[in-house]
file entry-v3.csv (CSV, C-alpha atoms)
chain,number,residue,atom,x,y,z
A,1113,MET,CA,-40.7,29.6,26.5
A,1114,PHE,CA,-42.9,29.8,23.4
A,1115,CYS,CA,-40.0,31.1,21.4
A,1116,ASP,CA,-38.2,27.7,21.8
A,1117,GLU,CA,-41.1,25.9,20.3
A,1118,ALA,CA,-41.4,28.4,17.4
A,1119,LEU,CA,-37.6,28.4,16.8
A,1120,ASP,CA,-37.6,24.5,16.5
A,1121,SER,CA,-40.1,24.8,13.7
A,1122,VAL,CA,-38.6,27.6,11.6
A,1123,GLU,CA,-36.4,25.1,9.5
A,1124,ALA,CA,-39.4,23.0,8.6
A,1125,ILE,CA,-41.5,26.1,7.9
A,1126,ALA,CA,-38.8,27.6,5.6
A,1127,ALA,CA,-38.5,24.3,3.8
A,1128,GLY,CA,-42.2,24.2,3.1
A,1129,GLU,CA,-42.7,21.0,5.2
A,1130,LEU,CA,-44.8,22.7,7.8
A,1131,THR,CA,-47.4,25.4,7.6
A,1132,PRO,CA,-47.5,27.7,10.5
A,1133,GLU,CA,-50.9,27.5,12.2
A,1134,GLY,CA,-52.5,28.6,15.4
A,1135,ARG,CA,-50.2,29.6,18.3
A,1136,ILE,CA,-47.0,29.3,16.2
A,1137,ALA,CA,-48.4,31.5,13.4
A,1138,ALA,CA,-49.6,34.1,15.9
A,1139,HIS,CA,-46.2,34.0,17.7
A,1140,LEU,CA,-44.2,34.4,14.5
A,1141,ALA,CA,-46.4,37.4,13.6
A,1142,THR,CA,-45.7,39.2,16.9
A,1143,CYS,CA,-42.2,38.1,18.1
A,1144,PRO,CA,-39.5,40.0,16.2
A,1145,ASN,CA,-36.7,37.5,17.1
A,1146,CYS,CA,-38.6,34.5,15.9
A,1147,ALA,CA,-39.7,36.3,12.7
A,1148,ALA,CA,-36.1,37.2,12.1
A,1149,ALA,CA,-35.1,33.6,12.6
A,1150,LEU,CA,-37.7,32.5,10.1
A,1151,ALA,CA,-36.5,35.1,7.6
A,1152,SER,CA,-32.9,33.8,8.0
A,1153,ALA,CA,-34.0,30.2,7.6
A,1154,ARG,CA,-35.9,31.1,4.4
A,1155,ARG,CA,-32.8,32.9,3.0
A,1156,LEU,CA,-30.6,29.9,3.9
A,1157,GLU,CA,-33.1,27.6,2.2
A,1158,GLN,CA,-32.9,29.7,-1.0
A,1159,LEU,CA,-29.1,29.8,-0.8
A,1160,LEU,CA,-28.9,26.0,-0.4
A,1161,GLN,CA,-31.3,25.4,-3.3
A,1162,ALA,CA,-29.2,27.8,-5.5
A,1163,ARG,CA,-25.9,26.0,-4.7
A,1164,PRO,CA,-24.0,25.4,-8.0
A,1165,VAL,CA,-24.1,21.9,-9.5
A,1166,GLN,CA,-20.7,20.8,-10.6
A,1167,GLN,CA,-20.4,18.5,-13.6
A,1168,ALA,CA,-17.9,15.7,-14.0
A,1169,PRO,CA,-14.8,16.7,-16.0
A,1170,PRO,CA,-15.1,15.8,-19.8
A,1171,GLN,CA,-12.6,13.0,-19.7
A,1172,PHE,CA,-13.9,11.5,-16.5
A,1173,THR,CA,-15.3,8.3,-18.0
A,1174,VAL,CA,-12.1,7.6,-20.1
A,1175,ARG,CA,-9.9,8.2,-17.0
A,1176,THR,CA,-12.1,6.0,-14.8
A,1177,MET,CA,-12.1,3.1,-17.4
A,1178,ALA,CA,-8.3,3.5,-17.7
A,1179,THR,CA,-7.8,3.3,-13.9
A,1180,LEU,CA,-10.1,0.3,-13.8
A,1181,ARG,CA,-8.1,-1.5,-16.4
A,1182,ARG,CA,-4.8,-0.6,-14.7
A,1183,ARG,CA,-6.1,-1.9,-11.3
A,1184,ARG,CA,-7.4,-5.1,-12.9
A,1185,TRP,CA,-4.1,-5.7,-14.7
A,1186,ARG,CA,-2.2,-5.2,-11.4
A,1187,SER,CA,-4.5,-7.6,-9.5
A,1188,GLU,CA,-4.0,-10.2,-12.3
A,1189,GLN,CA,-0.2,-9.7,-12.1
A,1190,PHE,CA,-0.4,-10.2,-8.4
A,1191,LEU,CA,-2.5,-13.3,-8.8
A,1192,ASP,CA,-0.1,-14.7,-11.4
A,1193,VAL,CA,2.9,-14.1,-9.1
A,1194,GLY,CA,1.1,-15.6,-6.2
A,1195,PHE,CA,0.1,-18.7,-8.3
A,1196,ASN,CA,3.7,-19.2,-9.5
A,1197,VAL,CA,5.1,-18.9,-6.0
A,1198,ALA,CA,2.5,-21.4,-4.7
A,1199,LEU,CA,3.3,-23.8,-7.6
A,1200,GLY,CA,7.1,-23.5,-6.8
A,1201,LEU,CA,6.4,-24.2,-3.1
A,1202,VAL,CA,4.3,-27.2,-4.0
A,1203,ALA,CA,7.1,-28.5,-6.3
A,1204,LEU,CA,9.7,-27.9,-3.6
A,1205,VAL,CA,7.6,-29.8,-1.0
A,1206,VAL,CA,6.9,-32.7,-3.3
A,1207,GLY,CA,10.6,-32.9,-4.3
A,1208,ALA,CA,11.7,-32.8,-0.6
A,1209,GLY,CA,9.1,-35.5,0.2
A,1210,ILE,CA,10.4,-37.8,-2.6
A,1211,TRP,CA,14.0,-37.2,-1.6
A,1212,MET,CA,13.3,-38.0,2.0
A,1213,PHE,CA,11.3,-41.1,1.0
A,1214,VAL,CA,14.1,-42.4,-1.3
A,1215,HIS,CA,16.7,-41.8,1.4
A,1216,ARG,CA,14.8,-43.4,4.3
A,1217,SER,CA,13.6,-46.4,2.3
A,1218,GLY,CA,17.1,-47.5,1.2
A,1219,LEU,CA,16.3,-47.0,-2.5
A,1220,VAL,CA,19.4,-44.9,-3.1
A,1221,SER,CA,21.6,-47.7,-4.1
A,1222,VAL,CA,19.0,-49.1,-6.5
A,1223,SER,CA,18.4,-45.7,-8.1
A,1224,ASN,CA,22.2,-45.1,-8.5
A,1225,ASP,CA,22.4,-48.3,-10.7
A,1226,ALA,CA,19.3,-47.2,-12.7
A,1227,VAL,CA,20.9,-43.7,-13.3
A,1228,ASN,CA,24.1,-45.4,-14.6
A,1229,VAL,CA,22.2,-47.6,-17.0
A,1230,VAL,CA,20.1,-44.6,-18.3
A,1231,SER,CA,23.1,-42.3,-18.8
A,1232,ALA,CA,25.1,-45.0,-20.7
A,1233,ASN,CA,22.1,-45.4,-23.1
A,1234,VAL,CA,21.7,-41.7,-23.6
A,1235,VAL,CA,25.5,-41.3,-24.5
A,1236,SER,CA,25.3,-44.2,-27.0
A,1237,LEU,CA,22.1,-42.7,-28.6
A,1238,ALA,CA,23.8,-39.3,-28.9
A,1239,HIS,CA,26.8,-40.9,-30.7
A,1240,ARG,CA,24.4,-42.6,-33.2
A,1241,ILE,CA,22.3,-39.5,-34.1
A,1242,ALA,CA,25.2,-37.0,-34.1
A,1243,PRO,CA,25.8,-37.3,-38.0
A,1244,SER,CA,22.2,-36.4,-38.7
A,1245,VAL,CA,22.0,-33.3,-36.3
A,1246,PRO,CA,22.7,-30.7,-39.1
A,1247,LEU,CA,19.9,-32.2,-41.2
A,1248,TYR,CA,17.4,-32.0,-38.3
A,1249,ALA,CA,18.5,-28.5,-37.5
A,1250,GLY,CA,18.0,-27.3,-41.1
A,1251,ALA,CA,14.5,-28.9,-41.3
A,1252,THR,CA,13.6,-27.3,-38.0
A,1253,ALA,CA,14.8,-23.9,-39.2
A,1254,LEU,CA,12.8,-24.2,-42.4
A,1255,VAL,CA,9.6,-25.1,-40.4
A,1256,VAL,CA,10.1,-22.2,-37.9
A,1257,THR,CA,10.7,-19.7,-40.9
A,1258,ALA,CA,7.6,-20.9,-42.6
A,1259,LEU,CA,5.5,-20.6,-39.4
A,1260,GLY,CA,7.0,-17.1,-38.8
A,1261,VAL,CA,6.1,-15.9,-42.4
A,1262,TRP,CA,2.5,-17.3,-41.9
A,1263,TRP,CA,2.1,-15.5,-38.6
A,1264,TRP,CA,3.4,-12.3,-40.0
A,1265,ALA,CA,1.0,-12.5,-43.0
A,1266,GLU,CA,-2.0,-13.3,-40.7
A,1267,ARG,CA,-1.2,-10.4,-38.4
A,1268,ASP,CA,-1.0,-8.0,-41.3
A,1269,ALA,CA,-4.3,-9.3,-42.7
A,1270,ALA,CA,-6.0,-8.9,-39.2
A,1271,LEU,CA,-4.8,-5.2,-39.1
B,416,MET,CA,-33.6,4.8,-16.0
B,417,ASP,CA,-36.4,2.3,-16.0
B,418,PRO,CA,-36.0,-0.7,-13.8
B,419,ALA,CA,-35.9,-3.2,-16.7
B,420,HIS,CA,-33.0,-1.4,-18.4
B,421,GLU,CA,-31.3,-0.9,-15.0
B,422,ARG,CA,-31.4,-4.7,-14.4
B,423,GLU,CA,-30.2,-5.5,-17.9
B,424,LEU,CA,-27.3,-3.0,-17.5
B,425,VAL,CA,-26.3,-4.5,-14.1
B,426,GLU,CA,-26.5,-8.0,-15.6
B,427,ARG,CA,-24.3,-7.0,-18.6
B,428,CYS,CA,-21.8,-5.4,-16.1
B,429,ARG,CA,-21.7,-8.6,-14.1
B,430,ARG,CA,-20.9,-10.7,-17.2
B,431,GLY,CA,-17.8,-8.5,-17.6
B,432,ASP,CA,-19.1,-6.3,-20.5
B,433,GLU,CA,-16.8,-3.3,-20.3
B,434,GLY,CA,-19.1,-1.3,-22.6
B,435,ALA,CA,-22.0,-1.7,-20.1
B,436,PHE,CA,-19.9,-0.5,-17.3
B,437,GLN,CA,-18.8,2.5,-19.3
B,438,GLU,CA,-22.5,3.2,-19.9
B,439,LEU,CA,-23.1,3.0,-16.2
B,440,VAL,CA,-20.2,5.5,-15.5
B,441,ASP,CA,-21.6,7.8,-18.2
B,442,ARG,CA,-25.1,7.7,-16.7
B,443,TYR,CA,-24.1,8.3,-13.1
B,444,LYS,CA,-20.9,10.3,-13.3
B,445,ASP,CA,-22.5,13.8,-13.0
B,446,LEU,CA,-24.7,12.8,-10.1
B,447,VAL,CA,-21.8,11.2,-8.2
B,448,PHE,CA,-19.4,14.0,-9.0
B,449,ALA,CA,-21.9,16.7,-8.0
B,450,LEU,CA,-22.6,15.0,-4.7
B,451,ILE,CA,-19.0,14.5,-3.8
B,452,ALA,CA,-17.9,18.0,-5.0
B,453,ARG,CA,-20.5,19.5,-2.7
B,454,THR,CA,-19.2,17.4,0.2
B,455,VAL,CA,-15.4,17.6,-0.1
B,456,GLN,CA,-15.4,21.1,-1.9
B,457,ASP,CA,-12.1,20.4,-3.7
B,458,ARG,CA,-12.5,19.6,-7.4
B,459,SER,CA,-9.4,17.4,-7.9
B,460,ARG,CA,-10.1,15.5,-4.7
B,461,ALA,CA,-13.7,15.1,-5.8
B,462,GLU,CA,-12.6,13.5,-9.0
B,463,ASP,CA,-10.4,11.0,-7.2
B,464,LEU,CA,-13.2,10.1,-4.8
B,465,ALA,CA,-15.7,9.8,-7.7
B,466,GLN,CA,-13.3,7.4,-9.4
B,467,GLU,CA,-13.0,5.5,-6.2
B,468,VAL,CA,-16.8,5.3,-6.0
B,469,PHE,CA,-17.0,3.7,-9.5
B,470,LEU,CA,-14.1,1.3,-8.8
B,471,ARG,CA,-16.1,0.2,-5.7
B,472,ILE,CA,-19.2,-0.1,-7.8
B,473,HIS,CA,-17.3,-2.3,-10.2
B,474,ARG,CA,-16.0,-4.5,-7.4
B,475,GLY,CA,-19.4,-4.7,-5.7
B,476,LEU,CA,-21.6,-5.4,-8.7
B,477,PRO,CA,-21.3,-9.2,-8.4
B,478,TYR,CA,-22.8,-8.8,-4.9
B,479,PHE,CA,-25.5,-6.3,-5.8
B,480,ARG,CA,-28.8,-8.3,-5.3
B,481,GLY,CA,-31.1,-5.7,-6.7
B,482,GLU,CA,-33.2,-5.3,-3.5
B,483,ALA,CA,-32.6,-1.6,-3.5
B,484,ARG,CA,-32.5,0.7,-6.6
B,485,LEU,CA,-29.1,1.0,-8.3
B,486,SER,CA,-29.1,4.7,-7.6
B,487,THR,CA,-29.7,4.1,-3.8
B,488,TRP,CA,-26.9,1.6,-3.7
B,489,ILE,CA,-24.6,4.1,-5.5
B,490,TYR,CA,-25.5,6.8,-2.9
B,491,ARG,CA,-24.6,4.4,-0.1
B,492,ILE,CA,-21.2,3.9,-1.7
B,493,VAL,CA,-20.8,7.7,-2.1
B,494,ALA,CA,-21.7,8.2,1.5
B,495,ASN,CA,-19.1,5.6,2.7
B,496,VAL,CA,-16.4,7.1,0.5
B,497,CYS,CA,-17.2,10.6,1.7
B,498,VAL,CA,-17.4,9.7,5.4
B,499,GLN,CA,-14.1,7.8,5.1
B,500,ASP,CA,-12.5,10.8,3.5
B,501,HIS,CA,-13.8,13.3,6.2
B,502,ALA,CA,-10.6,13.1,8.3
B,503,ARG,CA,-8.7,15.0,5.6
B,504,PRO,CA,-8.5,18.7,6.2
B,505,ALA,CA,-10.9,20.9,4.2
B,506,VAL,CA,-9.6,22.8,1.2
B,507,ALA,CA,-10.6,26.2,0.0
B,508,VAL,CA,-13.6,26.1,-2.3
B,509,ALA,CA,-12.8,26.4,-6.0
B,510,PHE,CA,-15.4,28.2,-8.1
B,511,ASP,CA,-13.9,27.4,-11.5
B,512,ARG,CA,-15.9,25.4,-14.0
B,513,VAL,CA,-19.1,25.8,-11.8
B,514,ILE,CA,-22.3,25.2,-13.7
B,515,VAL,CA,-25.3,26.8,-12.1
B,516,ASP,CA,-28.5,24.8,-12.4
B,517,PRO,CA,-30.7,26.9,-14.8
B,518,SER,CA,-33.9,25.5,-13.3
B,519,VAL,CA,-33.2,27.3,-10.0
B,520,PRO,CA,-33.2,31.1,-10.5
B,521,ASP,CA,-30.2,32.8,-8.9
B,522,ARG,CA,-32.4,35.7,-7.8
B,523,GLN,CA,-31.2,38.2,-5.2
B,524,PHE,CA,-28.3,36.1,-3.7
B,525,GLY,CA,-25.9,36.3,-6.6
B,526,ASP,CA,-22.9,37.6,-4.9
B,527,LEU,CA,-20.0,35.2,-4.7
B,528,GLU,CA,-18.9,36.3,-1.3
B,529,LEU,CA,-22.1,35.1,0.3
B,530,ARG,CA,-21.8,31.8,-1.5
B,531,ASP,CA,-18.2,31.5,-0.5
B,532,ARG,CA,-19.2,32.0,3.2
B,533,LEU,CA,-22.0,29.4,2.8
B,534,GLU,CA,-19.5,26.9,1.4
B,535,LYS,CA,-17.0,27.6,4.2
B,536,ALA,CA,-19.8,27.2,6.8
B,537,ILE,CA,-20.9,23.9,5.2
B,538,ALA,CA,-17.2,22.7,5.4
B,539,ARG,CA,-17.4,23.2,9.1
B,540,LEU,CA,-20.3,20.9,9.6
B,541,PRO,CA,-19.8,17.2,10.6
B,542,ALA,CA,-19.3,14.8,7.7
B,543,ASN,CA,-22.7,13.2,7.9
B,544,TYR,CA,-24.5,16.6,8.1
B,545,ARG,CA,-22.4,17.8,5.1
B,546,LEU,CA,-23.4,14.8,3.0
B,547,LEU,CA,-27.1,15.2,4.0
B,548,VAL,CA,-27.1,18.9,3.0
B,549,ALA,CA,-25.3,18.1,-0.3
B,550,ALA,CA,-27.6,15.2,-1.2
B,551,HIS,CA,-30.9,16.7,-0.2
B,552,TYR,CA,-30.5,19.9,-2.2
B,553,LEU,CA,-29.2,18.0,-5.3
B,554,ARG,CA,-32.1,17.5,-7.6
B,555,GLY,CA,-33.7,14.1,-7.4
B,556,ILE,CA,-32.6,12.8,-4.1
B,557,GLN,CA,-35.6,12.5,-1.7
B,558,TYR,CA,-35.7,11.9,2.1
B,559,GLU,CA,-36.8,8.3,1.6
B,560,GLU,CA,-34.0,7.5,-0.8
B,561,LEU,CA,-31.5,9.2,1.5
B,562,ALA,CA,-32.7,7.2,4.5
B,563,GLU,CA,-32.5,3.9,2.6
B,564,ALA,CA,-29.0,4.8,1.3
B,565,LEU,CA,-27.6,5.8,4.7
B,566,GLN,CA,-29.5,3.0,6.4
B,567,LEU,CA,-31.1,5.5,8.8
B,568,PRO,CA,-34.7,5.9,9.9
B,569,LEU,CA,-36.6,8.6,7.9
B,570,GLY,CA,-37.1,10.6,11.1
B,571,THR,CA,-33.4,10.6,11.8
B,572,VAL,CA,-32.6,11.9,8.4
B,573,LYS,CA,-35.1,14.8,8.8
B,574,THR,CA,-33.9,15.6,12.3
B,575,GLN,CA,-30.2,15.6,11.3
B,576,LEU,CA,-31.0,17.8,8.2
B,577,HIS,CA,-32.8,20.3,10.4
B,578,ARG,CA,-29.9,20.4,12.9
B,579,ALA,CA,-27.5,20.9,10.1
B,580,LYS,CA,-29.5,23.9,8.9
B,581,GLN,CA,-29.8,25.3,12.4
B,582,GLN,CA,-26.0,25.1,12.7
B,583,LEU,CA,-25.6,26.8,9.3
B,584,ARG,CA,-28.0,29.5,10.3
B,585,ARG,CA,-25.9,30.1,13.5
B,586,LEU,CA,-22.7,30.2,11.5
B,587,LEU,CA,-24.1,32.6,9.0
B,588,GLU,CA,-26.1,34.7,11.4
B,589,THR,CA,-24.9,38.1,10.4
B,590,GLU,CA,-24.8,37.4,6.6
B,591,LEU,CA,-28.4,36.1,6.5
B,592,ARG,CA,-29.9,39.2,8.1

call {"tool": "encode", "arguments": {"input": "entry-v3.csv", "output": "C-alpha cells"}}
result
Amino acid sequence: MFCDEALDSVEAIAAGELTPEGRIAAHLATCPNCAAALASARRLEQLLQARPVQQAPPQFTVRTMATLRRRRWRSEQFLDVGFNVALGLVALVVGAGIWMFVHRSGLVSVSNDAVNVVSANVVSLAHRIAPSVPLYAGATALVVTALGVWWWAERDAAL
Amino acid sequence: MDPAHERELVERCRRGDEGAFQELVDRYKDLVFALIARTVQDRSRAEDLAQEVFLRIHRGLPYFRGEARLSTWIYRIVANVCVQDHARPAVAVAFDRVIVDPSVPDRQFGDLELRDRLEKAIARLPANYRLLVAAHYLRGIQYEELAEALQLPLGTVKTQLHRAKQQLRRLLETELR
C-alpha cells in the first residue's frame, strides 16, 4: 500500500520539486522496486532535459514573409472580385427597377420621343465636326506621346 | 524582450509595418519552431506549422489586447495549431540538423538509439501531453506561463505533466533500467 504513495511521488522527486522526507524517504531507501522507479524517473528527467533543440531553417523568416504577402494578395484579389460582383449586382437591380418603373408608369412613349430628338441632334453634330476629326486626333496623339515620354523619363530617374 | 519594446513592436505591427512583423518573426521563430518540432517530430511539417503560427499571429494582432505577455499568447497559438494537427499520423523522427543545447551536458545518455526510442515514446503520448513535455523542457517556459497559455489551472498542468512522465517511464521501462 505504501508503494503506491511512494510511486506517485517519484516524478516530482526526480524533477526536484519534492524532497523525500520521513516515511517516503525511508521507504525509498528500503524498497528495491520503488528505488528502481525513482532511478528510472531520474534517468527520464535527464533524457528529457537533454532533448535536442531544433532551430528554425535559415530562410524561415523570408519564406514566412513571402507566404504572408501571397495570402494577403489573394485575399485582396478575392475582395476585389467580390466588390465588383456586388457592384454589378447593384447596377443590375437599379437598372431593372428603373426599367420596371418606366414600363409601369406609361413613360415609354414619352421617352421614345426624347430618344428620337437626342439621336437626331447627335447625328447632326457628328456631321458638323467630321472635317476636324483628323486635327483633334493628331493633337491627342501628340499629347499622349508627350505624356508617355515624361512618364518614361520619370521612371528612369526613380530607378 | 522588455515589455515597453514588446508593446511598441506590437503597435508597429498593428499599424501594418512589415519590418516590425519581420522583427517579430525573427525574434520568436526559434522558440516556435523548437516547440513545434518537439511536438510533431517531422521537420518539414514543423516548418509548415510554424509558418501557420506566424500567419495566425499576423491575423490576430489587431485583437491582441496585451493582457497577457506576447510570448504567452504565442504559446497559446502554438498549442492550438499543434492540437489541431494531432490527428495526422506521426512520422519517423529526423535527426538531421539537430542542434544540441550546449548548456545541458549530454553526459552518459549520448547514444542515438535511446534518444530515438524516447522520441518514439513521446510520439505515442496524447497531443496535450506531448505539447506539455515539449514546452516544459524547452528553456524558458515555466509552469505558470504554460498554465496561462493553455488556459488550465496550474495544478492541472503539473498533474498532466507527471502523468505524461509516468506514461513515458512505462513505455521505456526496459531502456531506463

call {"tool": "atom_distance", "arguments": {"input": "entry-v3.csv", "atom1": "atom CA of B:Ile451", "atom2": "atom CA of B:Glu534"}}
result
13.5 Å

call {"tool": "closest_atom_pairs", "arguments": {"input": "entry-v3.csv", "of": "chain A", "to": "chain B", "cutoff": "12 Å", "atoms": "only C-alpha atoms", "output": "JSON lines"}}
result
{"residue": "A:Leu1119", "atom": "CA", "partner": "B:Gln581", "partner_atom": "CA", "distance": 9.5}
{"residue": "A:Asp1120", "atom": "CA", "partner": "B:His577", "partner_atom": "CA", "distance": 8.8}
{"residue": "A:Ser1121", "atom": "CA", "partner": "B:His577", "partner_atom": "CA", "distance": 9.2}
{"residue": "A:Val1122", "atom": "CA", "partner": "B:Gln581", "partner_atom": "CA", "distance": 9.1}
{"residue": "A:Glu1123", "atom": "CA", "partner": "B:His577", "partner_atom": "CA", "distance": 6.1}
{"residue": "A:Ala1124", "atom": "CA", "partner": "B:His577", "partner_atom": "CA", "distance": 7.4}
{"residue": "A:Ile1125", "atom": "CA", "partner": "B:His577", "partner_atom": "CA", "distance": 10.8}
{"residue": "A:Ala1126", "atom": "CA", "partner": "B:Lys580", "partner_atom": "CA", "distance": 10.5}
{"residue": "A:Ala1127", "atom": "CA", "partner": "B:His577", "partner_atom": "CA", "distance": 9.6}
{"residue": "A:Glu1129", "atom": "CA", "partner": "B:Lys573", "partner_atom": "CA", "distance": 10.4}
{"residue": "A:Asn1145", "atom": "CA", "partner": "B:Arg592", "partner_atom": "CA", "distance": 11.4}
{"residue": "A:Ala1147", "atom": "CA", "partner": "B:Arg592", "partner_atom": "CA", "distance": 11.2}
{"residue": "A:Ala1148", "atom": "CA", "partner": "B:Arg592", "partner_atom": "CA", "distance": 7.6}
{"residue": "A:Ala1149", "atom": "CA", "partner": "B:Arg584", "partner_atom": "CA", "distance": 8.5}
{"residue": "A:Leu1150", "atom": "CA", "partner": "B:Arg584", "partner_atom": "CA", "distance": 10.2}
{"residue": "A:Ala1151", "atom": "CA", "partner": "B:Arg592", "partner_atom": "CA", "distance": 7.8}
{"residue": "A:Ser1152", "atom": "CA", "partner": "B:Leu591", "partner_atom": "CA", "distance": 5.3}
{"residue": "A:Ala1153", "atom": "CA", "partner": "B:Arg584", "partner_atom": "CA", "distance": 6.6}
{"residue": "A:Arg1154", "atom": "CA", "partner": "B:Leu591", "partner_atom": "CA", "distance": 9.3}
{"residue": "A:Arg1155", "atom": "CA", "partner": "B:Leu591", "partner_atom": "CA", "distance": 6.5}
{"residue": "A:Leu1156", "atom": "CA", "partner": "B:Arg584", "partner_atom": "CA", "distance": 6.9}
{"residue": "A:Glu1157", "atom": "CA", "partner": "B:Lys580", "partner_atom": "CA", "distance": 8.5}
{"residue": "A:Gln1158", "atom": "CA", "partner": "B:Phe524", "partner_atom": "CA", "distance": 8.3}
{"residue": "A:Leu1159", "atom": "CA", "partner": "B:Phe524", "partner_atom": "CA", "distance": 7.0}
{"residue": "A:Leu1160", "atom": "CA", "partner": "B:Tyr552", "partner_atom": "CA", "distance": 6.6}
{"residue": "A:Gln1161", "atom": "CA", "partner": "B:Tyr552", "partner_atom": "CA", "distance": 5.7}
{"residue": "A:Ala1162", "atom": "CA", "partner": "B:Val519", "partner_atom": "CA", "distance": 6.0}
{"residue": "A:Arg1163", "atom": "CA", "partner": "B:Val515", "partner_atom": "CA", "distance": 7.5}
{"residue": "A:Pro1164", "atom": "CA", "partner": "B:Val515", "partner_atom": "CA", "distance": 4.5}
{"residue": "A:Val1165", "atom": "CA", "partner": "B:Ile514", "partner_atom": "CA", "distance": 5.6}
{"residue": "A:Gln1166", "atom": "CA", "partner": "B:Ala449", "partner_atom": "CA", "distance": 5.0}
{"residue": "A:Gln1167", "atom": "CA", "partner": "B:Asp445", "partner_atom": "CA", "distance": 5.2}
{"residue": "A:Ala1168", "atom": "CA", "partner": "B:Asp445", "partner_atom": "CA", "distance": 5.1}
{"residue": "A:Pro1169", "atom": "CA", "partner": "B:Glu462", "partner_atom": "CA", "distance": 8.0}
{"residue": "A:Pro1170", "atom": "CA", "partner": "B:Asp445", "partner_atom": "CA", "distance": 10.2}
{"residue": "A:Gln1171", "atom": "CA", "partner": "B:Asp441", "partner_atom": "CA", "distance": 10.5}
{"residue": "A:Phe1172", "atom": "CA", "partner": "B:Lys444", "partner_atom": "CA", "distance": 7.8}
{"residue": "A:Thr1173", "atom": "CA", "partner": "B:Val440", "partner_atom": "CA", "distance": 6.2}
{"residue": "A:Val1174", "atom": "CA", "partner": "B:Gln437", "partner_atom": "CA", "distance": 8.5}
{"residue": "A:Arg1175", "atom": "CA", "partner": "B:Gln466", "partner_atom": "CA", "distance": 8.4}
{"residue": "A:Thr1176", "atom": "CA", "partner": "B:Gln466", "partner_atom": "CA", "distance": 5.7}
{"residue": "A:Met1177", "atom": "CA", "partner": "B:Gln437", "partner_atom": "CA", "distance": 7.0}
{"residue": "A:Ala1178", "atom": "CA", "partner": "B:Gln466", "partner_atom": "CA", "distance": 10.4}
{"residue": "A:Thr1179", "atom": "CA", "partner": "B:Gln466", "partner_atom": "CA", "distance": 8.2}
{"residue": "A:Leu1180", "atom": "CA", "partner": "B:Leu470", "partner_atom": "CA", "distance": 6.5}
{"residue": "A:Arg1181", "atom": "CA", "partner": "B:Glu433", "partner_atom": "CA", "distance": 9.7}
{"residue": "A:Arg1182", "atom": "CA", "partner": "B:Leu470", "partner_atom": "CA", "distance": 11.2}
{"residue": "A:Arg1183", "atom": "CA", "partner": "B:Leu470", "partner_atom": "CA", "distance": 9.0}
{"residue": "A:Arg1184", "atom": "CA", "partner": "B:Leu470", "partner_atom": "CA", "distance": 10.1}

call {"tool": "residues_around", "arguments": {"input": "entry-v3.csv", "residues": "stretch 562-565 of chain B", "least_positions_apart": "4", "cutoff": "8 Å", "atoms": "only C-alpha atoms", "output": "MDAnalysis selection string"}}
result
chainID B and resid 487:488 490:491 494 558 569 572

call {"tool": "atom_distance", "arguments": {"input": "entry-v3.csv", "atom1": "atom CA of B:Gln456", "atom2": "atom CA of B:His501"}}
result
11.4 Å

call {"tool": "atom_distance", "arguments": {"input": "entry-v3.csv", "atom1": "atom CA of A:Glu1117", "atom2": "atom CA of B:Ala542"}}
result
27.5 Å

call {"tool": "residues_around", "arguments": {"input": "entry-v3.csv", "residues": "B:Ile489", "least_positions_apart": "4", "cutoff": "8 Å", "atoms": "all atoms listed in the file", "output": "PyMOL selection string"}}
result
chain B and resi 468+472+485+493

call {"tool": "write_last_selection", "arguments": {"input": "entry-v3.csv", "atoms": "C-alpha atoms", "output": "mmCIF file, in the coordinates of the input"}}
result
data_model
loop_
_atom_site.group_PDB
_atom_site.id
_atom_site.type_symbol
_atom_site.label_atom_id
_atom_site.label_comp_id
_atom_site.auth_asym_id
_atom_site.auth_seq_id
_atom_site.Cartn_x
_atom_site.Cartn_y
_atom_site.Cartn_z
ATOM 1 C CA VAL B 468 -16.800 5.300 -6.000
ATOM 2 C CA ILE B 472 -19.200 -0.100 -7.800
ATOM 3 C CA LEU B 485 -29.100 1.000 -8.300
ATOM 4 C CA VAL B 493 -20.800 7.700 -2.100
#

call {"tool": "closest_residue", "arguments": {"input": "entry-v3.csv", "among": "A:Ala1118, A:Gly1218, A:Leu1204, A:Asn1233", "to": "A:Pro1132", "atoms": "only C-alpha atoms"}}
result
A:Ala1118
